[in-house]
>>> print(open('start_31.txt').read())   # compact mmCIF, C-alpha atoms
# COMPACT_ATOMS: atom_id res chain seq x y z
CA MET A 1 -17.44 0.29 -20.39
CA ASN A 2 -20.06 2.23 -18.42
CA LYS A 3 -21.54 4.89 -20.73
CA HIS A 4 -21.25 7.63 -18.09
CA LEU A 5 -17.64 6.97 -17.13
CA ILE A 6 -15.56 8.53 -19.90
CA PRO A 7 -17.65 11.71 -20.29
CA LEU A 8 -17.38 12.19 -16.53
CA LEU A 9 -13.63 11.60 -16.57
CA GLN A 10 -13.23 14.05 -19.43
CA LYS A 11 -15.14 16.75 -17.55
CA LEU A 12 -13.15 16.18 -14.37
CA LEU A 13 -9.79 16.30 -16.15
CA ALA A 14 -10.72 19.51 -17.95
CA ARG A 15 -10.96 21.37 -14.64
CA ASP A 16 -7.66 22.79 -13.40
CA THR A 17 -7.95 21.99 -9.70
CA THR A 18 -4.28 22.48 -8.81
CA SER A 19 -4.24 23.05 -5.06
CA ARG A 20 -3.48 26.76 -5.45
CA GLU A 21 -6.63 27.18 -7.59
CA SER A 22 -10.31 27.01 -6.70
CA ASN A 23 -12.09 23.66 -7.03
CA LEU A 24 -15.59 25.16 -7.00
CA ALA A 25 -16.28 24.65 -10.73
CA LEU A 26 -15.53 20.94 -10.42
CA ILE A 27 -17.54 20.66 -7.20
CA GLN A 28 -20.45 22.35 -8.98
CA ASP A 29 -20.13 19.82 -11.83
CA ILE A 30 -20.41 16.98 -9.33
CA HIS A 31 -23.24 18.69 -7.47
CA ASP A 32 -25.18 19.17 -10.71
CA TYR A 33 -24.63 15.56 -11.75
CA LEU A 34 -25.87 14.23 -8.41
CA THR A 35 -28.87 16.57 -8.55
CA GLU A 36 -29.82 15.09 -11.93
CA TRP A 37 -30.09 11.73 -10.17
CA GLY A 38 -32.11 13.15 -7.31
CA ILE A 39 -29.25 13.15 -4.80
CA SER A 40 -28.74 16.16 -2.54
CA ALA A 41 -25.23 17.15 -1.49
CA GLU A 42 -23.81 19.26 1.31
CA LEU A 43 -20.85 21.60 0.79
CA PHE A 44 -18.22 22.53 3.36
CA HIS A 45 -16.44 25.68 2.17
CA SER A 46 -12.98 26.90 3.02
CA ALA A 47 -12.65 30.04 5.13
CA ASP A 48 -12.08 32.20 2.04
CA GLY A 49 -14.95 30.57 0.14
CA ARG A 50 -12.74 29.57 -2.81
CA LYS A 51 -12.91 25.82 -2.23
CA ALA A 52 -15.30 23.23 -0.89
CA ASN A 53 -15.69 19.64 0.22
CA LEU A 54 -18.77 17.81 -1.03
CA TYR A 55 -20.62 15.18 0.97
CA ALA A 56 -23.63 13.22 -0.26
CA THR A 57 -25.59 10.16 0.83
CA LEU A 58 -27.89 7.82 -1.01
CA GLY A 59 -29.85 4.88 0.27
CA PRO A 60 -31.63 4.63 3.60
CA ALA A 61 -31.21 7.21 6.34
CA GLY A 62 -29.32 6.40 9.49
CA GLY A 63 -25.78 5.72 10.58
CA GLY A 64 -23.30 3.20 9.27
CA GLY A 65 -22.81 2.22 5.66
CA VAL A 66 -19.86 2.74 3.35
CA MET A 67 -18.15 5.98 2.36
CA LEU A 68 -16.24 6.38 -0.91
CA SER A 69 -13.67 9.13 -0.57
CA GLY A 70 -11.48 11.06 -2.98
CA HIS A 71 -9.69 14.40 -3.19
CA THR A 72 -10.41 16.80 -6.05
CA ASP A 73 -7.14 18.77 -6.03
CA VAL A 74 -4.10 17.91 -8.13
CA VAL A 75 -0.41 18.83 -8.08
CA PRO A 76 1.02 21.52 -10.42
CA VAL A 77 2.29 20.86 -13.93
CA ASP A 78 4.78 23.75 -13.74
CA GLY A 79 8.12 22.87 -15.31
CA GLN A 80 6.95 19.48 -16.55
CA GLN A 81 7.22 18.43 -20.18
CA TRP A 82 3.88 17.01 -21.29
CA SER A 83 3.29 15.49 -24.72
CA VAL A 84 -0.49 15.95 -24.28
CA PRO A 85 -2.56 18.82 -22.85
CA PRO A 86 -2.48 18.33 -19.05
CA PHE A 87 -5.96 19.74 -18.49
CA ASP A 88 -7.77 17.84 -21.18
CA MET A 89 -8.35 14.14 -21.67
CA THR A 90 -6.29 12.30 -24.26
CA TYR A 91 -6.91 8.64 -25.07
CA ARG A 92 -4.00 6.66 -26.47
CA ASP A 93 -3.16 2.95 -26.45
CA GLY A 94 -5.63 2.02 -23.74
CA ARG A 95 -4.67 4.92 -21.48
CA TYR A 96 -6.47 8.10 -20.48
CA TYR A 97 -4.02 10.96 -20.00
CA GLY A 98 -4.43 14.18 -18.00
CA ARG A 99 -3.38 15.72 -14.71
CA GLY A 100 -5.19 13.83 -11.98
CA ALA A 101 -6.13 10.85 -14.16
CA ALA A 102 -4.52 8.50 -11.64
CA ASP A 103 -4.42 10.76 -8.58
CA MET A 104 -7.36 10.63 -8.28
CA LYS A 105 -10.02 11.77 -10.71
CA GLY A 106 -10.21 8.32 -12.28
CA PHE A 107 -11.65 6.99 -9.03
CA ILE A 108 -14.06 9.89 -8.63
CA ALA A 109 -15.30 9.37 -12.21
CA CYS A 110 -15.89 5.68 -11.46
CA VAL A 111 -17.84 6.49 -8.29
CA LEU A 112 -20.06 8.98 -10.10
CA ALA A 113 -20.56 6.64 -13.06
CA SER A 114 -21.79 3.96 -10.64
CA VAL A 115 -24.57 6.15 -9.24
CA PRO A 116 -27.31 4.86 -11.62
CA ALA A 117 -26.51 1.26 -10.64
CA PHE A 118 -26.61 2.06 -6.91
CA LEU A 119 -29.98 3.75 -7.40
CA ALA A 120 -31.45 0.91 -9.47
CA GLN A 121 -32.00 -1.37 -6.48
CA PRO A 122 -32.75 -0.50 -2.82
CA LEU A 123 -29.68 -0.48 -0.58
CA ARG A 124 -29.79 -2.03 2.89
CA MET A 125 -27.42 0.64 4.26
CA PRO A 126 -26.34 4.17 3.27
CA LEU A 127 -23.69 4.89 0.65
CA HIS A 128 -21.76 8.11 1.23
CA PHE A 129 -19.58 10.18 -1.12
CA ALA A 130 -16.86 12.45 0.27
CA PHE A 131 -14.88 14.62 -2.15
CA SER A 132 -12.34 16.97 -0.60
CA TYR A 133 -9.90 19.77 -1.43
CA ASP A 134 -6.26 20.54 -0.51
CA GLU A 135 -5.22 16.94 0.12
CA GLU A 136 -2.03 17.46 -1.86
CA VAL A 137 -0.81 20.19 0.49
CA GLY A 138 -1.14 18.24 3.72
CA CYS A 139 -4.69 16.84 3.91
CA LEU A 140 -5.87 20.31 4.96
CA GLY A 141 -9.26 20.75 3.33
CA VAL A 142 -11.00 17.57 4.47
CA ARG A 143 -10.75 18.46 8.16
CA SER A 144 -14.01 20.42 8.29
CA LEU A 145 -15.79 17.41 6.79
CA VAL A 146 -14.06 15.05 9.23
CA GLU A 147 -15.22 17.14 12.17
CA HIS A 148 -18.78 17.08 10.81
CA LEU A 149 -18.64 13.30 10.48
CA ARG A 150 -17.10 12.87 13.92
CA ALA A 151 -20.09 14.62 15.49
CA SER A 152 -22.75 13.14 13.21
CA LYS A 153 -25.26 10.53 14.37
CA GLU A 154 -25.21 9.22 10.79
CA LYS A 155 -21.46 8.70 10.58
CA PRO A 156 -20.33 6.04 8.08
CA ALA A 157 -18.95 2.82 9.50
CA LEU A 158 -16.54 2.00 6.67
CA CYS A 159 -14.51 4.04 4.19
CA ILE A 160 -12.65 3.26 0.98
CA VAL A 161 -10.19 5.97 -0.05
CA GLY A 162 -9.67 5.59 -3.78
CA GLU A 163 -6.02 6.60 -4.05
CA PRO A 164 -4.18 4.85 -6.91
CA THR A 165 -3.11 1.38 -5.71
CA GLU A 166 -3.57 -0.54 -9.00
CA MET A 167 -6.78 -1.85 -7.41
CA ARG A 168 -4.86 -3.69 -4.72
CA PRO A 169 -6.14 -3.26 -1.16
CA VAL A 170 -3.97 -1.18 1.18
CA TYR A 171 -4.30 -1.16 4.95
CA GLY A 172 -1.64 1.29 6.06
CA HIS A 173 0.65 4.25 5.52
CA LYS A 174 2.86 6.52 7.62
CA GLY A 175 1.83 9.79 9.17
CA LYS A 176 3.57 13.08 8.44
CA ILE A 177 4.48 16.27 10.28
CA ALA A 178 5.92 19.15 8.22
CA MET A 179 7.54 22.09 10.04
CA ARG A 180 9.20 25.40 9.17
CA CYS A 181 12.07 26.71 11.26
CA GLU A 182 13.03 30.39 11.12
CA VAL A 183 16.32 31.44 12.70
CA HIS A 184 16.60 35.19 13.38
CA GLY A 185 20.13 36.36 14.13
CA HIS A 186 21.98 39.69 14.02
CA ALA A 187 23.65 41.08 10.91
CA CYS A 188 26.96 42.90 10.78
CA HIS A 189 29.96 43.28 8.49
CA SER A 190 31.75 39.96 8.11
CA ALA A 191 35.01 41.61 9.17
CA TYR A 192 33.46 41.85 12.64
CA ALA A 193 31.73 38.47 12.58
CA PRO A 194 31.90 37.88 16.37
CA GLN A 195 29.65 40.92 16.83
CA GLY A 196 26.90 39.24 14.81
CA VAL A 197 24.69 36.20 15.25
CA ASN A 198 25.09 34.04 12.16
CA ALA A 199 21.63 32.63 11.42
CA ILE A 200 22.98 30.12 8.93
CA GLU A 201 25.49 28.71 11.38
CA TYR A 202 22.85 28.28 14.09
CA ALA A 203 20.48 26.72 11.57
CA ALA A 204 23.27 24.30 10.65
CA ARG A 205 23.72 23.34 14.30
CA LEU A 206 20.00 22.75 14.59
CA ILE A 207 19.98 20.65 11.41
CA GLY A 208 22.75 18.59 13.01
CA LYS A 209 20.37 17.96 15.90
CA LEU A 210 17.75 16.83 13.37
CA GLY A 211 20.26 14.22 12.22
CA GLU A 212 20.54 12.87 15.76
CA VAL A 213 16.75 12.71 16.09
CA ARG A 214 16.56 10.93 12.74
CA GLU A 215 18.91 8.22 13.99
CA THR A 216 16.72 7.76 17.06
CA LEU A 217 13.63 7.41 14.87
CA THR A 218 15.23 4.58 12.85
CA GLN A 219 15.53 2.41 15.95
CA LYS A 220 11.86 1.42 15.87
CA THR A 221 11.08 -0.68 12.80
CA ASP A 222 8.04 -2.27 11.18
CA ALA A 223 8.75 -4.57 8.24
CA ARG A 224 5.30 -3.90 6.79
CA PHE A 225 6.49 -0.46 5.66
CA ASP A 226 9.12 0.68 3.16
CA PRO A 227 11.43 1.96 4.50
CA PRO A 228 10.64 0.05 7.69
CA PHE A 229 11.29 3.00 10.02
CA SER A 230 10.31 6.64 10.46
CA THR A 231 12.24 9.18 8.40
CA LEU A 232 13.24 12.82 8.89
CA GLN A 233 14.60 15.08 6.20
CA VAL A 234 15.25 18.76 5.47
CA GLY A 235 13.70 19.72 2.14
CA THR A 236 14.48 23.42 1.65
CA ILE A 237 16.83 26.00 3.14
CA HIS A 238 17.25 29.72 2.47
CA GLY A 239 19.52 32.25 4.13
CA GLY A 240 21.97 35.09 3.78
CA SER A 241 22.31 37.90 1.27
CA ALA A 242 26.04 38.45 0.65
CA LEU A 243 29.31 36.83 1.64
CA ASN A 244 30.56 39.92 3.47
CA ILE A 245 27.43 40.19 5.66
CA VAL A 246 26.82 37.97 8.66
CA PRO A 247 23.41 36.50 7.76
CA GLN A 248 20.53 37.67 9.91
CA GLU A 249 17.90 35.23 8.61
CA CYS A 250 17.83 31.55 7.74
CA GLN A 251 14.78 29.40 7.13
CA PHE A 252 14.46 25.69 6.49
CA ASP A 253 11.56 23.25 6.16
CA PHE A 254 11.68 19.67 7.40
CA GLU A 255 9.34 16.72 7.66
CA ILE A 256 8.95 13.56 9.69
CA ARG A 257 7.18 10.60 8.08
CA TYR A 258 6.46 8.35 11.01
CA LEU A 259 5.27 4.82 11.57
CA PRO A 260 1.81 4.38 13.10
CA GLY A 261 2.30 4.24 16.84
CA VAL A 262 5.39 6.46 16.87
CA GLU A 263 5.03 9.70 18.88
CA ALA A 264 6.39 12.10 16.28
CA THR A 265 5.34 15.07 18.40
CA ALA A 266 7.90 13.94 20.98
CA ALA A 267 10.62 14.20 18.33
CA ILE A 268 9.45 17.72 17.49
CA ALA A 269 9.51 18.64 21.18
CA ASP A 270 13.07 17.32 21.44
CA ILE A 271 14.16 19.50 18.52
CA GLN A 272 12.41 22.57 19.89
CA GLY A 273 13.83 21.98 23.36
CA TYR A 274 17.38 21.80 21.99
CA ALA A 275 16.86 25.07 20.13
CA GLN A 276 15.49 26.94 23.15
CA GLN A 277 17.86 25.53 25.74
CA ASN A 278 21.12 25.19 23.81
CA LEU A 279 21.06 27.68 20.94
CA VAL A 280 18.85 30.65 21.80
CA PRO A 281 20.71 31.61 25.02
CA ALA A 282 24.02 31.77 23.15
CA MET A 283 22.41 33.81 20.37
CA GLN A 284 20.76 36.24 22.77
CA SER A 285 24.00 36.76 24.72
CA VAL A 286 25.19 38.64 21.60
CA SER A 287 21.86 40.08 20.44
CA PRO A 288 18.77 39.87 22.72
CA ALA A 289 16.47 40.11 19.69
CA SER A 290 17.72 36.79 18.32
CA ALA A 291 15.16 33.97 18.18
CA ILE A 292 14.30 30.58 16.70
CA ARG A 293 10.67 30.04 15.69
CA PHE A 294 8.93 26.86 14.58
CA THR A 295 5.71 26.88 12.53
CA PRO A 296 3.66 23.76 11.71
CA LEU A 297 2.98 23.45 7.97
CA SER A 298 0.87 20.30 7.92
CA HIS A 299 0.17 17.17 9.90
CA TYR A 300 -1.82 14.06 9.15
CA PRO A 301 -1.87 10.77 11.05
CA GLY A 302 -0.81 7.40 9.77
CA LEU A 303 -3.17 4.55 9.04
CA LEU A 304 -2.95 0.95 10.19
CA THR A 305 -6.16 -1.03 9.75
CA ASP A 306 -6.30 -4.70 10.67
CA ALA A 307 -5.80 -6.64 7.44
CA GLN A 308 -7.57 -9.60 9.08
CA SER A 309 -10.71 -7.60 9.86
CA GLU A 310 -14.11 -8.41 8.44
CA PHE A 311 -13.99 -5.18 6.42
CA ALA A 312 -10.65 -6.19 4.89
CA GLY A 313 -12.12 -9.52 3.91
CA TRP A 314 -15.04 -7.81 2.21
CA LEU A 315 -12.76 -5.42 0.29
CA ALA A 316 -10.61 -8.34 -0.85
CA GLN A 317 -13.74 -9.91 -2.34
CA TRP A 318 -14.96 -6.66 -3.91
CA CYS A 319 -11.68 -5.85 -5.65
CA GLY A 320 -10.69 -9.44 -6.35
CA SER A 321 -7.38 -9.33 -4.50
CA ALA A 322 -6.29 -10.36 -1.03
CA ASP A 323 -2.77 -9.02 -1.64
CA PHE A 324 -2.86 -6.42 1.15
CA SER A 325 0.04 -4.01 1.54
CA THR A 326 1.07 -0.59 2.79
CA VAL A 327 1.98 2.44 0.69
CA ALA A 328 4.70 5.06 1.08
CA PHE A 329 2.48 8.06 0.37
CA GLY A 330 0.00 9.59 2.79
CA THR A 331 -3.78 9.85 2.47
CA GLU A 332 -6.79 11.29 4.26
CA GLY A 333 -7.49 7.78 5.53
CA GLY A 334 -5.80 8.31 8.88
CA LEU A 335 -8.08 11.27 9.62
CA PHE A 336 -11.20 9.24 8.86
CA ASP A 337 -9.86 6.38 10.97
CA GLU A 338 -9.24 8.75 13.91
CA ALA A 339 -12.87 9.88 13.58
CA GLY A 340 -14.00 6.29 14.17
CA ILE A 341 -14.54 5.25 10.53
CA ALA A 342 -12.70 2.03 9.63
CA THR A 343 -10.69 2.88 6.52
CA LEU A 344 -8.89 1.02 3.74
CA ILE A 345 -7.39 2.28 0.49
CA CYS A 346 -8.03 0.94 -3.01
CA GLY A 347 -8.27 2.73 -6.32
CA PRO A 348 -7.40 2.65 -10.02
CA GLY A 349 -4.05 3.66 -11.46
CA SER A 350 -0.59 3.76 -9.99
CA MET A 351 1.29 6.42 -8.04
CA GLU A 352 4.13 5.63 -10.44
CA GLN A 353 2.22 7.89 -12.83
CA GLY A 354 0.87 10.32 -10.23
CA HIS A 355 2.53 13.76 -10.03
CA LYS A 356 4.50 13.10 -13.23
CA PRO A 357 4.18 14.52 -16.76
CA ASP A 358 1.82 12.56 -19.02
CA GLU A 359 -0.04 11.18 -15.99
CA PHE A 360 -2.50 8.48 -17.03
CA VAL A 361 -4.90 5.85 -15.82
CA ALA A 362 -5.23 2.65 -17.83
CA GLU A 363 -8.61 1.63 -19.23
CA GLU A 364 -8.16 -1.78 -17.61
CA GLN A 365 -7.76 -0.12 -14.20
CA LEU A 366 -10.99 1.83 -14.63
CA GLN A 367 -12.79 -1.39 -15.56
CA LYS A 368 -11.46 -3.09 -12.43
CA CYS A 369 -12.66 -0.18 -10.32
CA MET A 370 -16.11 -0.34 -11.85
CA ALA A 371 -16.17 -4.07 -11.13
CA MET A 372 -15.25 -3.41 -7.49
CA LEU A 373 -18.05 -0.87 -7.18
CA GLU A 374 -20.50 -3.31 -8.75
CA ASN A 375 -19.47 -5.97 -6.23
CA LEU A 376 -19.94 -3.42 -3.47
CA ARG A 377 -23.40 -2.56 -4.85
CA GLN A 378 -24.43 -6.21 -4.83
CA TRP A 379 -23.19 -6.60 -1.24
CA MET A 380 -25.06 -3.48 -0.13
CA SER A 381 -28.24 -4.63 -1.89
CA ALA A 382 -28.22 -8.20 -0.62
>>> encode(input="start_31.txt", output="structure tokens")
Amino acid sequence: MNKHLIPLLQKLLARDTTSRESNLALIQDIHDYLTEWGISAELFHSADGRKANLYATLGPAGGGGVMLSGHTDVVPVDGQQWSVPPFDMTYRDGRYYGRGAADMKGFIACVLASVPAFLAQPLRMPLHFAFSYDEEVGCLGVRSLVEHLRASKEKPALCIVGEPTEMRPVYGHKGKIAMRCEVHGHACHSAYAPQGVNAIEYAARLIGKLGEVRETLTQKTDARFDPPFSTLQVGTIHGGSALNIVPQECQFDFEIRYLPGVEATAAIADIQGYAQQNLVPAMQSVSPASAIRFTPLSHYPGLLTDAQSEFAGWLAQWCGSADFSTVAFGTEGGLFDEAGIATLICGPGSMEQGHKPDEFVAEEQLQKCMAMLENLRQWMSA
């Protein structure tokens, strides 16, 4: 095992980088480590200054090369029953436990541990590191870095996103749009219900429309994905205050996870059009102040890279597997791909452990990742 790997993993796991918290301490750890090896890094801070993306390059100057990408934030541990400290590293039976061990600090630790090897021999092309924030809440933080790369003359040509895939290469995933709908009605005593505008009832009618849109989305299929069609679901709903009051407010959140190539924005427009044309006029005929408002929560594109491409063939050699597949979860890969950087996904651990109590990455998975990075190093040094 690489002598740098486990100390790096331990330091990364000890930082609580839940998306609601700052990631600056962890970013500073990475920055300091890279500085020790003579590598400069650029930071892209959030608007409030509490978080940052980190971008670094080693090897020759110029465009092209390979980018290794990972997000630094993790999901909460609230309400989960852990048998080990979530923000500390525990080793047991060939597994390293801690929040983010699989998703995806194990990959970041492997990348950093490989730095001395990449520096030991001249590279024929640049190697880039991209570590982001707020991926878990909709791939929000990486966008400032993506825009920088999109405009850069030294933009990477290829990207490996190290999400946990058990070191199997992945070429695709669905995109996602998350929306909030707020229905504002008119309250009154329930004994005079016709004088009010029942926000819950109108929300229910709108949710019925979502069901119709969902059925339309299932008509286009792609057997490479599971499930093989786009999905739409309502995740939360809140409304009303008492049974004898016609509810004035109702709010629900919904998401569409759509196949690459599906125009999910058209589905959103259909839903919004139904609300404005069919529901709002009836609501405002009783109370002119009634309204239905939609607010985007997050949106990231899908990814569908050609599994027969030259890049895919190289990744198959580097990770020792040509068993390409898609995954159900989303990544930042679609954003990089939209910016003109060919992107594939491959990393240690399994999403079966991600987001769960006692999250872990197996020692064997870390070794496979280090082997992939060594194969990449040899290819970049040839």
>>> atom_distance(input="start_31.txt", atom1="atom CA of Gln365 of chain A", atom2="atom CA of Glu166 of chain A")
6.7 Å
>>> residues_around(input="start_31.txt", residues="Thr165 of chain A", least_positions_apart="4", cutoff="7 Å", atoms="all atoms listed in the file", output="PyMOL selection string")
chain A and resi 346-350
>>> closest_atom_pairs(input="start_31.txt", of="segment 199-245 of chain A", to="segment 267-275 of chain A", cutoff="9 Å", atoms="all atoms listed in the file", output="tab-separated table")
residue	atom	partner	partner_atom	distance
A:Leu206	CA	A:Ala275	CA	6.8
A:Lys209	CA	A:Ile271	CA	6.9
A:Leu210	CA	A:Ile271	CA	6.8
A:Val213	CA	A:Ala267	CA	6.7
A:Arg214	CA	A:Ala267	CA	8.8
A:Thr216	CA	A:Ala267	CA	9.0
A:Leu217	CA	A:Ala267	CA	8.2
>>> atom_distance(input="start_31.txt", atom1="atom CA of Gln80 of chain A", atom2="atom CA of Ser19 of chain A")
16.4 Å
>>> closest_residue(input="start_31.txt", among="A:Thr72, A:Thr331, A:Gln276, A:Ser132", to="Ser46 of chain A", atoms="all atoms listed in the file")
A:Ser132
>>> closest_residue(input="start_31.txt", among="A:Val142, A:Val197, A:Leu9, A:Met351", to="Ile245 of chain A", atoms="only C-alpha atoms")
A:Val197
>>> residues_around(input="start_31.txt", residues="Leu43 of chain A", least_positions_apart="2", cutoff="7 Å", atoms="all atoms listed in the file", output="tab-separated table (two decimals) with C-alpha atoms, keeping the file's coordinate frame")
chain	number	residue	atom	x	y	z
A	41	ALA	CA	-25.23	17.15	-1.49
A	45	HIS	CA	-16.44	25.68	2.17
A	52	ALA	CA	-15.30	23.23	-0.89
A	53	ASN	CA	-15.69	19.64	0.22
A	54	LEU	CA	-18.77	17.81	-1.03
A	55	TYR	CA	-20.62	15.18	0.97
>>> build_atoms(input="start_31.txt", residues="segment 102-110 of chain A", atoms="all heavy atoms", output="short mmCIF file (atom, residue, chain, number, x, y, z; two decimals), in the frame of the given file")
data_model
loop_
_atom_site.label_atom_id
_atom_site.label_comp_id
_atom_site.auth_asym_id
_atom_site.auth_seq_id
_atom_site.Cartn_x
_atom_site.Cartn_y
_atom_site.Cartn_z
N ALA A 102 -4.76 9.55 -12.63
CA ALA A 102 -4.52 8.50 -11.64
C ALA A 102 -4.79 8.99 -10.23
O ALA A 102 -5.38 8.28 -9.41
CB ALA A 102 -3.08 7.99 -11.76
N ASP A 103 -4.39 10.23 -9.95
CA ASP A 103 -4.42 10.76 -8.58
C ASP A 103 -5.30 11.99 -8.50
O ASP A 103 -4.82 13.10 -8.51
CB ASP A 103 -2.98 11.09 -8.16
CG ASP A 103 -2.86 11.54 -6.73
OD1 ASP A 103 -3.77 11.26 -5.93
OD2 ASP A 103 -1.85 12.18 -6.40
N MET A 104 -6.63 11.88 -8.30
CA MET A 104 -7.36 10.63 -8.28
C MET A 104 -8.74 10.79 -8.91
O MET A 104 -9.73 10.32 -8.39
CB MET A 104 -7.44 10.06 -6.87
CG MET A 104 -8.00 11.03 -5.84
SD MET A 104 -8.01 10.46 -4.12
CE MET A 104 -9.00 8.97 -4.22
N LYS A 105 -8.75 11.50 -10.05
CA LYS A 105 -10.02 11.77 -10.71
C LYS A 105 -10.58 10.54 -11.41
O LYS A 105 -11.78 10.45 -11.67
CB LYS A 105 -9.87 12.93 -11.68
CG LYS A 105 -9.61 14.26 -10.97
CD LYS A 105 -9.45 15.43 -11.91
CE LYS A 105 -9.24 16.73 -11.14
NZ LYS A 105 -9.09 17.90 -12.04
N GLY A 106 -9.71 9.58 -11.71
CA GLY A 106 -10.21 8.32 -12.28
C GLY A 106 -11.15 7.62 -11.32
O GLY A 106 -12.22 7.13 -11.71
N PHE A 107 -10.78 7.60 -10.04
CA PHE A 107 -11.65 6.99 -9.03
C PHE A 107 -12.95 7.77 -8.87
O PHE A 107 -14.03 7.18 -8.81
CB PHE A 107 -10.92 6.91 -7.69
CG PHE A 107 -11.78 6.39 -6.56
CD1 PHE A 107 -12.08 5.04 -6.47
CD2 PHE A 107 -12.28 7.25 -5.59
CE1 PHE A 107 -12.88 4.55 -5.44
CE2 PHE A 107 -13.07 6.78 -4.56
CZ PHE A 107 -13.37 5.42 -4.48
N ILE A 108 -12.85 9.09 -8.81
CA ILE A 108 -14.06 9.89 -8.63
C ILE A 108 -15.01 9.68 -9.81
O ILE A 108 -16.23 9.56 -9.62
CB ILE A 108 -13.69 11.39 -8.48
CG1 ILE A 108 -12.90 11.61 -7.19
CG2 ILE A 108 -14.95 12.26 -8.49
CD1 ILE A 108 -12.39 13.02 -7.01
N ALA A 109 -14.46 9.61 -11.03
CA ALA A 109 -15.30 9.37 -12.21
C ALA A 109 -16.00 8.01 -12.10
O ALA A 109 -17.19 7.88 -12.43
CB ALA A 109 -14.45 9.43 -13.48
N CYS A 110 -15.29 7.00 -11.62
CA CYS A 110 -15.89 5.68 -11.46
C CYS A 110 -17.03 5.71 -10.43
O CYS A 110 -18.10 5.12 -10.65
CB CYS A 110 -14.83 4.66 -11.03
SG CYS A 110 -13.66 4.18 -12.33
#
